[in-house]
file run_39.cif (mmCIF, N, CA and C atoms and all ligand atoms)
data_target
loop_
_atom_site.group_PDB
_atom_site.id
_atom_site.type_symbol
_atom_site.label_atom_id
_atom_site.label_comp_id
_atom_site.auth_asym_id
_atom_site.auth_seq_id
_atom_site.Cartn_x
_atom_site.Cartn_y
_atom_site.Cartn_z
ATOM 1 N N MET A 1 -0.994 20.076 -2.540
ATOM 2 C CA MET A 1 -1.747 20.282 -3.768
ATOM 3 C C MET A 1 -3.080 19.547 -3.692
ATOM 4 N N LYS A 2 -4.075 20.161 -4.282
ATOM 5 C CA LYS A 2 -5.434 19.624 -4.158
ATOM 6 C C LYS A 2 -5.733 18.511 -5.154
ATOM 7 N N ILE A 3 -4.931 18.450 -6.186
ATOM 8 C CA ILE A 3 -5.167 17.440 -7.224
ATOM 9 C C ILE A 3 -4.157 16.306 -7.073
ATOM 10 N N LYS A 4 -4.661 15.095 -7.169
ATOM 11 C CA LYS A 4 -3.791 13.932 -7.038
ATOM 12 C C LYS A 4 -3.849 13.066 -8.292
ATOM 13 N N LYS A 5 -2.829 12.263 -8.426
ATOM 14 C CA LYS A 5 -2.798 11.287 -9.512
ATOM 15 C C LYS A 5 -4.041 10.397 -9.445
ATOM 16 N N GLY A 6 -4.672 10.177 -10.591
ATOM 17 C CA GLY A 6 -5.853 9.310 -10.624
ATOM 18 C C GLY A 6 -7.165 10.077 -10.561
ATOM 19 N N ASP A 7 -7.097 11.362 -10.200
ATOM 20 C CA ASP A 7 -8.306 12.196 -10.192
ATOM 21 C C ASP A 7 -8.803 12.425 -11.618
ATOM 22 N N THR A 8 -10.080 12.677 -11.749
ATOM 23 C CA THR A 8 -10.616 13.130 -13.032
ATOM 24 C C THR A 8 -10.774 14.634 -12.954
ATOM 25 N N VAL A 9 -10.297 15.313 -13.981
ATOM 26 C CA VAL A 9 -10.368 16.772 -13.964
ATOM 27 C C VAL A 9 -11.023 17.296 -15.238
ATOM 28 N N LEU A 10 -11.556 18.487 -15.138
ATOM 29 C CA LEU A 10 -12.153 19.195 -16.258
ATOM 30 C C LEU A 10 -11.205 20.330 -16.645
ATOM 31 N N ILE A 11 -10.951 20.453 -17.936
ATOM 32 C CA ILE A 11 -10.071 21.518 -18.413
ATOM 33 C C ILE A 11 -10.925 22.777 -18.601
ATOM 34 N N THR A 12 -10.492 23.878 -18.002
ATOM 35 C CA THR A 12 -11.327 25.080 -18.031
ATOM 36 C C THR A 12 -10.793 26.177 -18.946
ATOM 37 N N SER A 13 -9.590 25.970 -19.525
ATOM 38 C CA SER A 13 -9.134 26.947 -20.509
ATOM 39 C C SER A 13 -8.182 26.305 -21.503
ATOM 40 N N GLY A 14 -7.907 27.029 -22.573
ATOM 41 C CA GLY A 14 -7.010 26.500 -23.599
ATOM 42 C C GLY A 14 -7.762 25.699 -24.647
ATOM 43 N N LYS A 15 -6.995 25.056 -25.516
ATOM 44 C CA LYS A 15 -7.627 24.367 -26.651
ATOM 45 C C LYS A 15 -8.425 23.142 -26.240
ATOM 46 N N ASP A 16 -8.151 22.598 -25.079
ATOM 47 C CA ASP A 16 -8.874 21.415 -24.616
ATOM 48 C C ASP A 16 -9.979 21.755 -23.627
ATOM 49 N N ARG A 17 -10.336 23.032 -23.587
ATOM 50 C CA ARG A 17 -11.384 23.491 -22.680
ATOM 51 C C ARG A 17 -12.651 22.654 -22.800
ATOM 52 N N GLY A 18 -13.198 22.258 -21.688
ATOM 53 C CA GLY A 18 -14.437 21.488 -21.678
ATOM 54 C C GLY A 18 -14.226 19.983 -21.694
ATOM 55 N N ARG A 19 -12.988 19.564 -21.918
ATOM 56 C CA ARG A 19 -12.724 18.130 -21.944
ATOM 57 C C ARG A 19 -12.347 17.629 -20.558
ATOM 58 N N LYS A 20 -12.571 16.328 -20.377
ATOM 59 C CA LYS A 20 -12.228 15.716 -19.100
ATOM 60 C C LYS A 20 -11.151 14.666 -19.302
ATOM 61 N N GLY A 21 -10.368 14.458 -18.284
ATOM 62 C CA GLY A 21 -9.343 13.429 -18.374
ATOM 63 C C GLY A 21 -8.852 13.020 -17.009
ATOM 64 N N LYS A 22 -8.083 11.957 -17.019
ATOM 65 C CA LYS A 22 -7.545 11.407 -15.782
ATOM 66 C C LYS A 22 -6.139 11.944 -15.551
ATOM 67 N N VAL A 23 -5.839 12.307 -14.326
ATOM 68 C CA VAL A 23 -4.522 12.835 -13.999
ATOM 69 C C VAL A 23 -3.494 11.701 -13.993
ATOM 70 N N LEU A 24 -2.481 11.855 -14.829
ATOM 71 C CA LEU A 24 -1.426 10.842 -14.913
ATOM 72 C C LEU A 24 -0.290 11.140 -13.946
ATOM 73 N N GLU A 25 -0.016 12.423 -13.794
ATOM 74 C CA GLU A 25 1.069 12.836 -12.920
ATOM 75 C C GLU A 25 0.745 14.194 -12.335
ATOM 76 N N ALA A 26 1.122 14.400 -11.093
ATOM 77 C CA ALA A 26 0.944 15.700 -10.468
ATOM 78 C C ALA A 26 2.260 16.120 -9.845
ATOM 79 N N SER A 27 2.740 17.304 -10.188
ATOM 80 C CA SER A 27 3.962 17.788 -9.541
ATOM 81 C C SER A 27 3.654 19.025 -8.720
ATOM 82 N N PRO A 28 3.507 18.836 -7.396
ATOM 83 C CA PRO A 28 3.112 19.931 -6.495
ATOM 84 C C PRO A 28 4.065 21.121 -6.536
ATOM 85 N N LYS A 29 5.351 20.873 -6.751
ATOM 86 C CA LYS A 29 6.336 21.964 -6.768
ATOM 87 C C LYS A 29 6.035 22.980 -7.847
ATOM 88 N N GLU A 30 5.643 22.482 -9.009
ATOM 89 C CA GLU A 30 5.396 23.378 -10.143
ATOM 90 C C GLU A 30 3.925 23.688 -10.325
ATOM 91 N N SER A 31 3.067 23.079 -9.502
ATOM 92 C CA SER A 31 1.617 23.238 -9.651
ATOM 93 C C SER A 31 1.150 22.857 -11.048
ATOM 94 N N ARG A 32 1.790 21.867 -11.603
ATOM 95 C CA ARG A 32 1.425 21.413 -12.933
ATOM 96 C C ARG A 32 1.075 19.938 -12.918
ATOM 97 N N ILE A 33 0.172 19.579 -13.814
ATOM 98 C CA ILE A 33 -0.224 18.182 -13.900
ATOM 99 C C ILE A 33 -0.222 17.711 -15.349
ATOM 100 N N LEU A 34 -0.149 16.407 -15.517
ATOM 101 C CA LEU A 34 -0.312 15.796 -16.827
ATOM 102 C C LEU A 34 -1.651 15.084 -16.838
ATOM 103 N N VAL A 35 -2.437 15.338 -17.869
ATOM 104 C CA VAL A 35 -3.762 14.722 -17.965
ATOM 105 C C VAL A 35 -3.825 13.881 -19.240
ATOM 106 N N GLU A 36 -4.329 12.675 -19.068
ATOM 107 C CA GLU A 36 -4.445 11.732 -20.176
ATOM 108 C C GLU A 36 -5.201 12.328 -21.358
ATOM 109 N N GLY A 37 -4.571 12.343 -22.517
ATOM 110 C CA GLY A 37 -5.240 12.784 -23.748
ATOM 111 C C GLY A 37 -5.406 14.287 -23.895
ATOM 112 N N ILE A 38 -4.857 15.062 -22.948
ATOM 113 C CA ILE A 38 -5.052 16.515 -22.957
ATOM 114 C C ILE A 38 -3.729 17.235 -23.216
ATOM 115 N N ASN A 39 -3.810 18.320 -23.991
ATOM 116 C CA ASN A 39 -2.628 19.120 -24.310
ATOM 117 C C ASN A 39 -1.536 18.277 -24.967
ATOM 118 N N LEU A 40 -1.946 17.471 -25.939
ATOM 119 C CA LEU A 40 -1.011 16.537 -26.571
ATOM 120 C C LEU A 40 0.061 17.267 -27.376
ATOM 121 N N ARG A 41 1.243 16.751 -27.240
ATOM 122 C CA ARG A 41 2.370 17.274 -28.008
ATOM 123 C C ARG A 41 3.035 16.118 -28.718
ATOM 124 N N LYS A 42 3.485 16.411 -29.910
ATOM 125 C CA LYS A 42 4.194 15.362 -30.655
ATOM 126 C C LYS A 42 5.644 15.290 -30.206
ATOM 127 N N LYS A 43 6.054 14.082 -29.973
ATOM 128 C CA LYS A 43 7.416 13.870 -29.528
ATOM 129 C C LYS A 43 8.080 12.838 -30.426
ATOM 130 N N HIS A 44 9.300 13.098 -30.769
ATOM 131 C CA HIS A 44 10.022 12.112 -31.567
ATOM 132 C C HIS A 44 10.660 11.093 -30.638
ATOM 133 N N GLN A 45 10.415 9.842 -30.961
ATOM 134 C CA GLN A 45 11.005 8.791 -30.149
ATOM 135 C C GLN A 45 12.108 8.149 -30.977
ATOM 136 N N LYS A 46 13.255 8.059 -30.402
ATOM 137 C CA LYS A 46 14.377 7.466 -31.125
ATOM 138 C C LYS A 46 14.191 5.955 -31.220
ATOM 139 N N PRO A 47 14.707 5.393 -32.308
ATOM 140 C CA PRO A 47 14.602 3.928 -32.421
ATOM 141 C C PRO A 47 15.348 3.226 -31.301
ATOM 142 N N LYS A 48 14.761 2.145 -30.831
ATOM 143 C CA LYS A 48 15.383 1.420 -29.718
ATOM 144 C C LYS A 48 16.519 0.527 -30.203
ATOM 145 N N LYS A 49 16.336 -0.026 -31.397
ATOM 146 C CA LYS A 49 17.392 -0.872 -31.965
ATOM 147 C C LYS A 49 17.847 -0.248 -33.278
ATOM 148 N N SER A 50 19.029 -0.549 -33.699
ATOM 149 C CA SER A 50 19.451 -0.061 -34.999
ATOM 150 C C SER A 50 18.659 -0.792 -36.068
ATOM 151 N N GLY A 51 18.312 -0.079 -37.123
ATOM 152 C CA GLY A 51 17.487 -0.682 -38.174
ATOM 153 C C GLY A 51 16.014 -0.348 -37.990
ATOM 154 N N GLU A 52 15.606 0.001 -36.755
ATOM 155 C CA GLU A 52 14.226 0.413 -36.507
ATOM 156 C C GLU A 52 14.061 1.880 -36.853
ATOM 157 N N LYS A 53 12.834 2.230 -37.202
ATOM 158 C CA LYS A 53 12.571 3.633 -37.487
ATOM 159 C C LYS A 53 12.171 4.361 -36.207
ATOM 160 N N GLY A 54 12.514 5.635 -36.168
ATOM 161 C CA GLY A 54 12.036 6.454 -35.059
ATOM 162 C C GLY A 54 10.552 6.694 -35.229
ATOM 163 N N GLN A 55 9.882 6.993 -34.144
ATOM 164 C CA GLN A 55 8.440 7.218 -34.209
ATOM 165 C C GLN A 55 8.085 8.587 -33.662
ATOM 166 N N ILE A 56 6.932 9.050 -34.117
ATOM 167 C CA ILE A 56 6.390 10.260 -33.503
ATOM 168 C C ILE A 56 5.241 9.828 -32.608
ATOM 169 N N VAL A 57 5.356 10.112 -31.352
ATOM 170 C CA VAL A 57 4.300 9.726 -30.426
ATOM 171 C C VAL A 57 3.698 10.984 -29.814
ATOM 172 N N GLU A 58 2.445 10.880 -29.443
ATOM 173 C CA GLU A 58 1.798 12.021 -28.811
ATOM 174 C C GLU A 58 1.800 11.836 -27.308
ATOM 175 N N MET A 59 2.316 12.842 -26.633
ATOM 176 C CA MET A 59 2.423 12.787 -25.175
ATOM 177 C C MET A 59 1.682 13.982 -24.587
ATOM 178 N N PRO A 60 1.004 13.783 -23.457
ATOM 179 C CA PRO A 60 0.358 14.941 -22.838
ATOM 180 C C PRO A 60 1.383 15.930 -22.284
ATOM 181 N N GLY A 61 1.128 17.203 -22.484
ATOM 182 C CA GLY A 61 1.998 18.244 -21.947
ATOM 183 C C GLY A 61 1.434 18.743 -20.629
ATOM 184 N N PRO A 62 2.284 19.365 -19.818
ATOM 185 C CA PRO A 62 1.827 19.835 -18.504
ATOM 186 C C PRO A 62 0.811 20.973 -18.590
ATOM 187 N N ILE A 63 -0.126 20.962 -17.669
ATOM 188 C CA ILE A 63 -1.142 22.014 -17.576
ATOM 189 C C ILE A 63 -1.053 22.608 -16.172
ATOM 190 N N HIS A 64 -1.185 23.904 -16.089
ATOM 191 C CA HIS A 64 -1.179 24.534 -14.772
ATOM 192 C C HIS A 64 -2.506 24.254 -14.067
ATOM 193 N N ILE A 65 -2.431 24.019 -12.760
ATOM 194 C CA ILE A 65 -3.648 23.625 -12.045
ATOM 195 C C ILE A 65 -4.713 24.727 -11.995
ATOM 196 N N SER A 66 -4.323 25.955 -12.322
ATOM 197 C CA SER A 66 -5.351 27.004 -12.364
ATOM 198 C C SER A 66 -6.255 26.833 -13.594
ATOM 199 N N ASN A 67 -5.851 25.970 -14.519
ATOM 200 C CA ASN A 67 -6.640 25.757 -15.733
ATOM 201 C C ASN A 67 -7.502 24.501 -15.682
ATOM 202 N N ILE A 68 -7.608 23.930 -14.512
ATOM 203 C CA ILE A 68 -8.428 22.725 -14.381
ATOM 204 C C ILE A 68 -9.294 22.810 -13.127
ATOM 205 N N LYS A 69 -10.323 21.963 -13.130
ATOM 206 C CA LYS A 69 -11.162 21.812 -11.941
ATOM 207 C C LYS A 69 -11.317 20.329 -11.675
ATOM 208 N N LEU A 70 -11.384 19.966 -10.444
ATOM 209 C CA LEU A 70 -11.596 18.573 -10.107
ATOM 210 C C LEU A 70 -13.039 18.174 -10.402
ATOM 211 N N VAL A 71 -13.210 16.987 -10.971
ATOM 212 C CA VAL A 71 -14.553 16.445 -11.147
ATOM 213 C C VAL A 71 -14.816 15.500 -9.983
ATOM 214 N N CYS A 72 -15.854 15.817 -9.238
ATOM 215 C CA CYS A 72 -16.170 15.019 -8.049
ATOM 216 C C CYS A 72 -16.652 13.630 -8.469
ATOM 217 N N PRO A 73 -16.021 12.579 -7.940
ATOM 218 C CA PRO A 73 -16.467 11.230 -8.308
ATOM 219 C C PRO A 73 -17.824 10.860 -7.699
ATOM 220 N N LYS A 74 -18.266 11.625 -6.709
ATOM 221 C CA LYS A 74 -19.542 11.312 -6.045
ATOM 222 C C LYS A 74 -20.730 11.948 -6.763
ATOM 223 N N CYS A 75 -20.603 13.223 -7.123
ATOM 224 C CA CYS A 75 -21.743 13.890 -7.756
ATOM 225 C C CYS A 75 -21.501 14.198 -9.234
ATOM 226 N N GLY A 76 -20.265 14.001 -9.705
ATOM 227 C CA GLY A 76 -19.965 14.169 -11.124
ATOM 228 C C GLY A 76 -19.844 15.606 -11.592
ATOM 229 N N LYS A 77 -19.833 16.552 -10.651
ATOM 230 C CA LYS A 77 -19.746 17.958 -11.024
ATOM 231 C C LYS A 77 -18.319 18.469 -10.880
ATOM 232 N N ALA A 78 -17.967 19.439 -11.720
ATOM 233 C CA ALA A 78 -16.679 20.104 -11.574
ATOM 234 C C ALA A 78 -16.773 20.999 -10.349
ATOM 235 N N THR A 79 -15.814 20.891 -9.459
ATOM 236 C CA THR A 79 -15.959 21.546 -8.167
ATOM 237 C C THR A 79 -14.642 22.086 -7.641
ATOM 238 N N LYS A 80 -14.756 22.942 -6.665
ATOM 239 C CA LYS A 80 -13.588 23.332 -5.892
ATOM 240 C C LYS A 80 -13.423 22.299 -4.784
ATOM 241 N N VAL A 81 -12.205 22.207 -4.314
ATOM 242 C CA VAL A 81 -11.921 21.226 -3.281
ATOM 243 C C VAL A 81 -11.832 21.919 -1.929
ATOM 244 N N GLY A 82 -12.518 21.362 -0.961
ATOM 245 C CA GLY A 82 -12.396 21.862 0.396
ATOM 246 C C GLY A 82 -11.715 20.809 1.254
ATOM 247 N N TYR A 83 -11.431 21.181 2.473
ATOM 248 C CA TYR A 83 -10.842 20.215 3.390
ATOM 249 C C TYR A 83 -11.637 20.168 4.672
ATOM 250 N N LYS A 84 -11.650 19.002 5.286
ATOM 251 C CA LYS A 84 -12.154 18.940 6.646
ATOM 252 C C LYS A 84 -11.348 17.901 7.412
ATOM 253 N N ILE A 85 -11.410 18.012 8.708
ATOM 254 C CA ILE A 85 -10.684 17.067 9.545
ATOM 255 C C ILE A 85 -11.653 15.956 9.942
ATOM 256 N N PHE A 86 -11.264 14.750 9.602
ATOM 257 C CA PHE A 86 -12.111 13.601 9.879
ATOM 258 C C PHE A 86 -11.260 12.525 10.540
ATOM 259 N N ASN A 87 -11.620 12.125 11.758
ATOM 260 C CA ASN A 87 -10.799 11.182 12.531
ATOM 261 C C ASN A 87 -9.332 11.615 12.592
ATOM 262 N N LYS A 88 -9.126 12.898 12.830
ATOM 263 C CA LYS A 88 -7.792 13.492 12.916
ATOM 264 C C LYS A 88 -7.021 13.498 11.597
ATOM 265 N N ASN A 89 -7.654 13.071 10.535
ATOM 266 C CA ASN A 89 -7.015 13.152 9.221
ATOM 267 C C ASN A 89 -7.652 14.268 8.412
ATOM 268 N N LYS A 90 -6.823 14.884 7.602
ATOM 269 C CA LYS A 90 -7.327 15.903 6.703
ATOM 270 C C LYS A 90 -7.865 15.194 5.463
ATOM 271 N N VAL A 91 -9.121 15.406 5.170
ATOM 272 C CA VAL A 91 -9.687 14.778 3.979
ATOM 273 C C VAL A 91 -10.196 15.842 3.024
ATOM 274 N N ARG A 92 -10.226 15.490 1.749
ATOM 275 C CA ARG A 92 -10.743 16.417 0.742
ATOM 276 C C ARG A 92 -12.254 16.244 0.663
ATOM 277 N N VAL A 93 -12.940 17.329 0.536
ATOM 278 C CA VAL A 93 -14.386 17.269 0.345
ATOM 279 C C VAL A 93 -14.783 18.100 -0.871
ATOM 280 N N CYS A 94 -15.860 17.654 -1.485
ATOM 281 C CA CYS A 94 -16.442 18.352 -2.631
ATOM 282 C C CYS A 94 -17.242 19.539 -2.110
ATOM 283 N N LYS A 95 -17.029 20.712 -2.693
ATOM 284 C CA LYS A 95 -17.780 21.888 -2.227
ATOM 285 C C LYS A 95 -19.196 21.913 -2.769
ATOM 286 N N LYS A 96 -19.484 21.048 -3.730
ATOM 287 C CA LYS A 96 -20.837 21.000 -4.287
ATOM 288 C C LYS A 96 -21.732 20.079 -3.466
ATOM 289 N N CYS A 97 -21.246 18.847 -3.214
ATOM 290 C CA CYS A 97 -22.119 17.883 -2.527
ATOM 291 C C CYS A 97 -21.676 17.610 -1.087
ATOM 292 N N GLY A 98 -20.487 18.099 -0.718
ATOM 293 C CA GLY A 98 -20.025 17.950 0.663
ATOM 294 C C GLY A 98 -19.470 16.575 1.012
ATOM 295 N N GLN A 99 -19.407 15.696 0.037
ATOM 296 C CA GLN A 99 -18.903 14.349 0.333
ATOM 297 C C GLN A 99 -17.382 14.299 0.252
ATOM 298 N N GLU A 100 -16.873 13.345 0.986
ATOM 299 C CA GLU A 100 -15.434 13.123 0.993
ATOM 300 C C GLU A 100 -14.982 12.587 -0.366
ATOM 301 N N ILE A 101 -13.883 13.141 -0.881
ATOM 302 C CA ILE A 101 -13.380 12.651 -2.171
ATOM 303 C C ILE A 101 -11.896 12.339 -2.102
HETATM 304 ZN ZN ZN B 201 -19.569 16.246 -5.249
#
call {"tool": "encode", "arguments": {"input": "run_39.cif", "output": "structure tokens"}}
result
Amino acid sequence: MKIKKGDTVLITSGKDRGRKGKVLEASPKESRILVEGINLRKKHQKPKKSGEKGQIVEMPGPIHISNIKLVCPKCGKATKVGYKIFNKNKVRVCKKCGQEI
């Protein structure tokens, strides 16, 4: 998968279109990611101790990777990810500025 945990991504469709966020989790099997503050869903949290009240917390919901673009940390543009072989390692490169990301 081209997107990794810790990447900054741009949302390209849905209600959060145009927003940016940090990838919290990436699951390559499902091609879905969780992005901080994006696609929030309300979740009920059960009380941890008796006598405490349950809470409603907002948690990011999964987004399909076809709905996001990586934001290049070098040039700051939303870009497609390319690959090149560098010192026998496969590295990701930005298709806009060509730098390793
Ligand atoms: Zn770039």
call {"tool": "residues_around", "arguments": {"input": "run_39.cif", "residues": "Ile56 (chain A)", "least_positions_apart": "2", "cutoff": "6 Å", "atoms": "only N, CA and C atoms", "output": "ChimeraX atom specification"}}
result
/A:42-45,54,58
call {"tool": "residues_near_ligand", "arguments": {"input": "run_39.cif", "ligand": "ligand ZN 201 (chain B)", "cutoff": "6 Å", "atoms": "only C-alpha atoms and all ligand atoms", "output": "number ranges by chain"}}
result
A: 72, 74-75, 94, 96-97, 99
call {"tool": "resolve_selection", "arguments": {"input": "run_39.cif", "expression": "the PyMOL selection byres (((chain A and resi 69) around 6) and not hetatm)", "output": "PyMOL selection string"}}
result
chain A and resi 8-12+67-68+70-71+78-79
call {"tool": "write_last_selection", "arguments": {"input": "run_39.cif", "atoms": "N, CA and C atoms", "output": "mmCIF file, in the coordinates of the input"}}
result
data_model
loop_
_atom_site.group_PDB
_atom_site.id
_atom_site.type_symbol
_atom_site.label_atom_id
_atom_site.label_comp_id
_atom_site.auth_asym_id
_atom_site.auth_seq_id
_atom_site.Cartn_x
_atom_site.Cartn_y
_atom_site.Cartn_z
ATOM 1 N N THR A 8 -10.080 12.677 -11.749
ATOM 2 C CA THR A 8 -10.616 13.130 -13.032
ATOM 3 C C THR A 8 -10.774 14.634 -12.954
ATOM 4 N N VAL A 9 -10.297 15.313 -13.981
ATOM 5 C CA VAL A 9 -10.368 16.772 -13.964
ATOM 6 C C VAL A 9 -11.023 17.296 -15.238
ATOM 7 N N LEU A 10 -11.556 18.487 -15.138
ATOM 8 C CA LEU A 10 -12.153 19.195 -16.258
ATOM 9 C C LEU A 10 -11.205 20.330 -16.645
ATOM 10 N N ILE A 11 -10.951 20.453 -17.936
ATOM 11 C CA ILE A 11 -10.071 21.518 -18.413
ATOM 12 C C ILE A 11 -10.925 22.777 -18.601
ATOM 13 N N THR A 12 -10.492 23.878 -18.002
ATOM 14 C CA THR A 12 -11.327 25.080 -18.031
ATOM 15 C C THR A 12 -10.793 26.177 -18.946
ATOM 16 N N ASN A 67 -5.851 25.970 -14.519
ATOM 17 C CA ASN A 67 -6.640 25.757 -15.733
ATOM 18 C C ASN A 67 -7.502 24.501 -15.682
ATOM 19 N N ILE A 68 -7.608 23.930 -14.512
ATOM 20 C CA ILE A 68 -8.428 22.725 -14.381
ATOM 21 C C ILE A 68 -9.294 22.810 -13.127
ATOM 22 N N LEU A 70 -11.384 19.966 -10.444
ATOM 23 C CA LEU A 70 -11.596 18.573 -10.107
ATOM 24 C C LEU A 70 -13.039 18.174 -10.402
ATOM 25 N N VAL A 71 -13.210 16.987 -10.971
ATOM 26 C CA VAL A 71 -14.553 16.445 -11.147
ATOM 27 C C VAL A 71 -14.816 15.500 -9.983
ATOM 28 N N ALA A 78 -17.967 19.439 -11.720
ATOM 29 C CA ALA A 78 -16.679 20.104 -11.574
ATOM 30 C C ALA A 78 -16.773 20.999 -10.349
ATOM 31 N N THR A 79 -15.814 20.891 -9.459
ATOM 32 C CA THR A 79 -15.959 21.546 -8.167
ATOM 33 C C THR A 79 -14.642 22.086 -7.641
#
call {"tool": "resolve_selection", "arguments": {"input": "run_39.cif", "expression": "the PyMOL selection byres (((chain A and resi 5 and name CA) around 8) and not hetatm and name CA)", "output": "list in words"}}
result
Ile3, Lys4, Gly6, Asp7, Lys22, Val23, Leu24, Glu25 and Ala26 of chain A
call {"tool": "atom_distance", "arguments": {"input": "run_39.cif", "atom1": "atom N of Val93 (chain A)", "atom2": "CA of Lys80 (chain A)"}}
result
8.8 Å
call {"tool": "residues_around", "arguments": {"input": "run_39.cif", "residues": "Pro60 (chain A)", "least_positions_apart": "4", "cutoff": "5 Å", "atoms": "only N, CA and C atoms", "output": "list in words"}}
result
Ile38, Asn39, Leu40 and Arg41 of chain A
call {"tool": "atom_distance", "arguments": {"input": "run_39.cif", "atom1": "CA of Leu34 (chain A)", "atom2": "CA of Gly61 (chain A)"}}
result
6.1 Å
call {"tool": "select_by_dssp", "arguments": {"input": "run_39.cif", "residues": "region 16-93 of chain A", "states": "strand (DSSP E or B)", "output": "ChimeraX atom specification"}}
result
/A:20-27,32-35,40-45,55-60,63-64,68-71,78-79,81-86,89-93
call {"tool": "resolve_selection", "arguments": {"input": "run_39.cif", "expression": "the PyMOL selection byres (((chain A and resi 63) around 5) and not hetatm)", "output": "list in words"}}
result
Arg32, Ile33, Gly61, Pro62, His64 and Ile65 of chain A
call {"tool": "atom_distance", "arguments": {"input": "run_39.cif", "atom1": "atom C of Gly37 (chain A)", "atom2": "atom C of Lys15 (chain A)"}}
result
9.6 Å
call {"tool": "axis_aligned_box", "arguments": {"input": "run_39.cif", "around": "region 19-35 of chain A", "padding_each_side": "4 Å", "output": "JSON"}}
result
{"center_x": -3.3, "center_y": 17.3, "center_z": -14.2, "size_x": 27.3, "size_y": 20.8, "size_z": 23.4}
call {"tool": "closest_residue", "arguments": {"input": "run_39.cif", "among": "A:Arg19, A:Val81, A:Gly76, A:Val35", "to": "Met59 (chain A)", "atoms": "only C-alpha atoms"}}
result
A:Val35
